[in-house]
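Asker: Structure incoming, see below.
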Amino acid sequence: MADITARRNAASDAALAIDRVSHRFGDLHVLADVSLRVDRGELVCLVGPSGCGKTTLLRLAAGLEDVQAGSISIAGHRVAGEGAALSAEARGIGFVFQDYALFPHLDVATNVAFGLAGRDLPSRARRVAEMLRQVGMPDHGSAFPHELSGGQQQRVALARALAPEPRLLLLDEPFSGLDVRLRERIRDDTLHVLKRSGAATLMVTHDPEEAMFMADRLIVLNKGRIEQDGPPEEIYARPASAFVATMFGQANEARGQVRGGRVDTPFGPVVAPAGVGEATCVQVLVRPEALRLMDAGDDPRCPAKVIAARLLGRSSWVHLCLGPDASEPSGALELEGGHRHVHARVPGRFLPPEGSILNVEIDPSQVFIFPAGDTR
Ligand SMILES: Nc1ncnc2c1ncn2[C@@H]1O[C@H](COP(=O)(O)OP(=O)(O)O)[C@@H](O)[C@H]1O
Ligand SMILES: [Mg+2]
């Protein structure tokens, strides 16, 4: 009981608490019983594939969409659901949406000053200058949005959202309009600006690596349901489902059955996790980075023939064919379906010649076993 009370009190303290929210558009169920919280000063990334309901959840939190079921609280005050309905303007939230949406006819300083109407002129000007300095654009106050690059517009949008010192900031795919190189720089800048501001932030992205880069905590959404909520390292190292395990990239996949507490895989037997009982049919996911490739020696335990190897930059990607006949010389490179064609990701430059034979070992901490049928 004490535990539950403690959690309730903590929830009422959260910068944002979404409690059992479900949402539908006509017959389309977009969100199913979603609960989450963002604490003060915390940067939480909501990550999931396109169409899974991320923007809808953000719009509900913002007050741009009416809550149909469940409730939403900001800083301990209910703002939507169960009779409450505080307007978007009254929620004290900053937003940055996908398209930045600066006012095109207003210069940068006036855009940033937009939410500061209640302050006197000198304090407004001070705050605008301070925000433009923070986002690295101190000299752009008199520029117009069309004179700025995409990255500069994004930074102005962030300055505008942060200027009124919101307790909560909602960001919807804020970097998606930027090309890859610029995106890396702008999200780095944004991370530091957000951390300095101390605002609680809920940021939506469909890019798991971007989420890992930004987040104190990740919430994985799939088909309108939360699959997992935790620190990035936990999501990566202890995925709760096959969906979460493969979110960071394609994994080598095999099927099997638990026998004697183990599952036979093409890489050899692996220990079944606690809670997956004897005789259960399972799906085994082996991350490409779990494969260790070594000299085959005389009697390799898990021989694999190199089909192709490519340098990707920071790592190398090796296509392999596994199996008892892998060590036999064969003229034709047959690319088999199923589990025998596997991929390894090796740090740095590792480009074994095509047709060479290697021995494969796997790092058990990067192997994930789920009951088969858990294909969410
Ligand atoms: N106003 C709306 N009316 C009808 N369907 C909508 C509306 N907004 C979103 N949807 C649908 O709801 C689902 C979730 O959309 P959205 O929340 O935008 O997903 P995400 O942001 O994760 O890509 C999609 O199938 C989308 O087409
Ligand atoms: Mg969206």
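We name chains A, B, ... following the order of the structure tokens; residues begin at 1 in each chain, and ligands are numbered from 1 as shown.
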Would you return as number ranges by chain the members of stretch 124-274 of chain A that DSSP assigns to strand (DSSP E or B) on this structure's backbone?

Answerer: A: 168-172, 200-205, 217-222, 225-230, 252-259, 262-265, 268-271

Asker: Please identify all polymer residues within 9 Å of A:Thr205, counting only C-alpha atoms, omitting same-chain residues fewer than 4 positions from it, and present them as a list in words.

Answerer: Cys45, Leu46, Val47, Gly48, Pro49, Lys54, Leu171, Asp172, Glu173, Pro174, Phe175, Ser176, Glu210 and Ala211 of chain A

Asker: Please dump the current selection as an mmCIF file, in the first residue's frame; keep C-alpha atoms.

Answerer:
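File written: part-v5.cif
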data_model
loop_
_atom_site.group_PDB
_atom_site.id
_atom_site.type_symbol
_atom_site.label_atom_id
_atom_site.label_comp_id
_atom_site.auth_asym_id
_atom_site.auth_seq_id
_atom_site.Cartn_x
_atom_site.Cartn_y
_atom_site.Cartn_z
ATOM 1 C CA CYS A 45 11.501 10.616 -26.076
ATOM 2 C CA LEU A 46 8.399 8.935 -27.393
ATOM 3 C CA VAL A 47 9.570 6.704 -30.202
ATOM 4 C CA GLY A 48 7.631 4.503 -32.575
ATOM 5 C CA PRO A 49 6.920 3.880 -36.240
ATOM 6 C CA LYS A 54 2.708 9.753 -31.394
ATOM 7 C CA LEU A 171 8.459 18.594 -29.594
ATOM 8 C CA ASP A 172 7.028 16.683 -32.551
ATOM 9 C CA GLU A 173 9.759 15.364 -34.872
ATOM 10 C CA PRO A 174 11.507 18.731 -34.598
ATOM 11 C CA PHE A 175 14.481 17.742 -36.760
ATOM 12 C CA SER A 176 12.712 15.911 -39.550
ATOM 13 C CA GLU A 210 17.765 10.040 -32.416
ATOM 14 C CA ALA A 211 15.723 9.020 -29.375
#

Asker: Could you give me, as a PyMOL selection string, the residues within 9 Å of A:Ala215, counting only C-alpha atoms and dropping anything in the same chain fewer than 3 positions from it?

Answerer: chain A and resi 42-45+191+203+210-212+218+231-232

Asker: Applying 7 Å and only C-alpha atoms, which residues near stretch 19-23 of chain A remain after dropping the ones on its own chain fewer than 6 positions away? List them as a ChimeraX atom specification.

Answerer: /A:29-36,68-72

Asker: Please write the residues from the selection above to a file, keeping N, CA and C atoms, as a tab-separated table (two decimals), in the first residue's frame.

Answerer:
chain	number	residue	atom	x	y	z
A	29	HIS	N	-8.86	2.86	-33.89
A	29	HIS	CA	-8.36	2.98	-32.53
A	29	HIS	C	-6.90	3.40	-32.59
A	30	VAL	N	-6.63	4.61	-32.18
A	30	VAL	CA	-5.27	5.15	-32.36
A	30	VAL	C	-4.44	4.99	-31.09
A	31	LEU	N	-5.05	5.16	-29.93
A	31	LEU	CA	-4.33	5.00	-28.66
A	31	LEU	C	-5.14	4.11	-27.74
A	32	ALA	N	-4.47	3.16	-27.09
A	32	ALA	CA	-5.17	2.22	-26.22
A	32	ALA	C	-4.54	2.24	-24.83
A	33	ASP	N	-5.23	2.90	-23.90
A	33	ASP	CA	-4.86	2.82	-22.49
A	33	ASP	C	-3.40	3.24	-22.25
A	34	VAL	N	-3.07	4.42	-22.72
A	34	VAL	CA	-1.69	4.91	-22.60
A	34	VAL	C	-1.52	5.71	-21.31
A	35	SER	N	-0.52	5.32	-20.52
A	35	SER	CA	-0.17	6.09	-19.32
A	35	SER	C	1.32	6.38	-19.36
A	36	LEU	N	1.67	7.61	-19.10
A	36	LEU	CA	3.09	7.95	-19.02
A	36	LEU	C	3.24	9.22	-18.19
A	68	GLN	N	-10.87	11.78	-25.08
A	68	GLN	CA	-12.09	10.95	-25.11
A	68	GLN	C	-12.17	10.03	-23.89
A	69	ALA	N	-11.03	9.51	-23.46
A	69	ALA	CA	-11.02	8.61	-22.30
A	69	ALA	C	-9.69	8.76	-21.59
A	70	GLY	N	-9.74	8.76	-20.26
A	70	GLY	CA	-8.52	8.96	-19.47
A	70	GLY	C	-8.37	10.42	-19.09
A	71	SER	N	-7.21	10.76	-18.54
A	71	SER	CA	-7.02	12.15	-18.10
A	71	SER	C	-5.56	12.58	-18.26
A	72	ILE	N	-5.38	13.89	-18.24
A	72	ILE	CA	-4.03	14.46	-18.40
A	72	ILE	C	-3.83	15.52	-17.33

Asker: Using only C-alpha atoms, which residues sit within 9 Å of A:Arg349 once same-chain residues fewer than 6 positions away are excluded, as a list in words?

Answerer: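 Result of the neighbour search: Arg310, Leu311, Leu312, Gly313, Arg314, Ser315 and Ser316 of chain A.
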
Asker: Write a file of the selected residues as a short mmCIF file (atom, residue, chain, number, x, y, z; two decimals), in the first residue's frame, keeping C-alpha atoms.

Answerer:
data_model
loop_
_atom_site.label_atom_id
_atom_site.label_comp_id
_atom_site.auth_asym_id
_atom_site.auth_seq_id
_atom_site.Cartn_x
_atom_site.Cartn_y
_atom_site.Cartn_z
CA ARG A 310 31.27 -3.98 -46.68
CA LEU A 311 32.83 -1.11 -44.81
CA LEU A 312 30.03 1.16 -43.53
CA GLY A 313 32.34 3.74 -41.94
CA ARG A 314 32.48 3.18 -38.20
CA SER A 315 31.72 -0.50 -38.61
CA SER A 316 31.83 -3.30 -41.16
#

Asker: Please, which residues have at least one atom within 6 Å of an atom of ligand 1, using only C-alpha atoms and all ligand atoms, listed as number ranges by chain?

Answerer: A: 25, 30, 50-56

Asker: Rounded to one decimal in Å, what is the spacing between atom CA of A:Gly92 and atom CA of A:Leu168?

Answerer: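 Distance between the two atoms: 7.2 Å.
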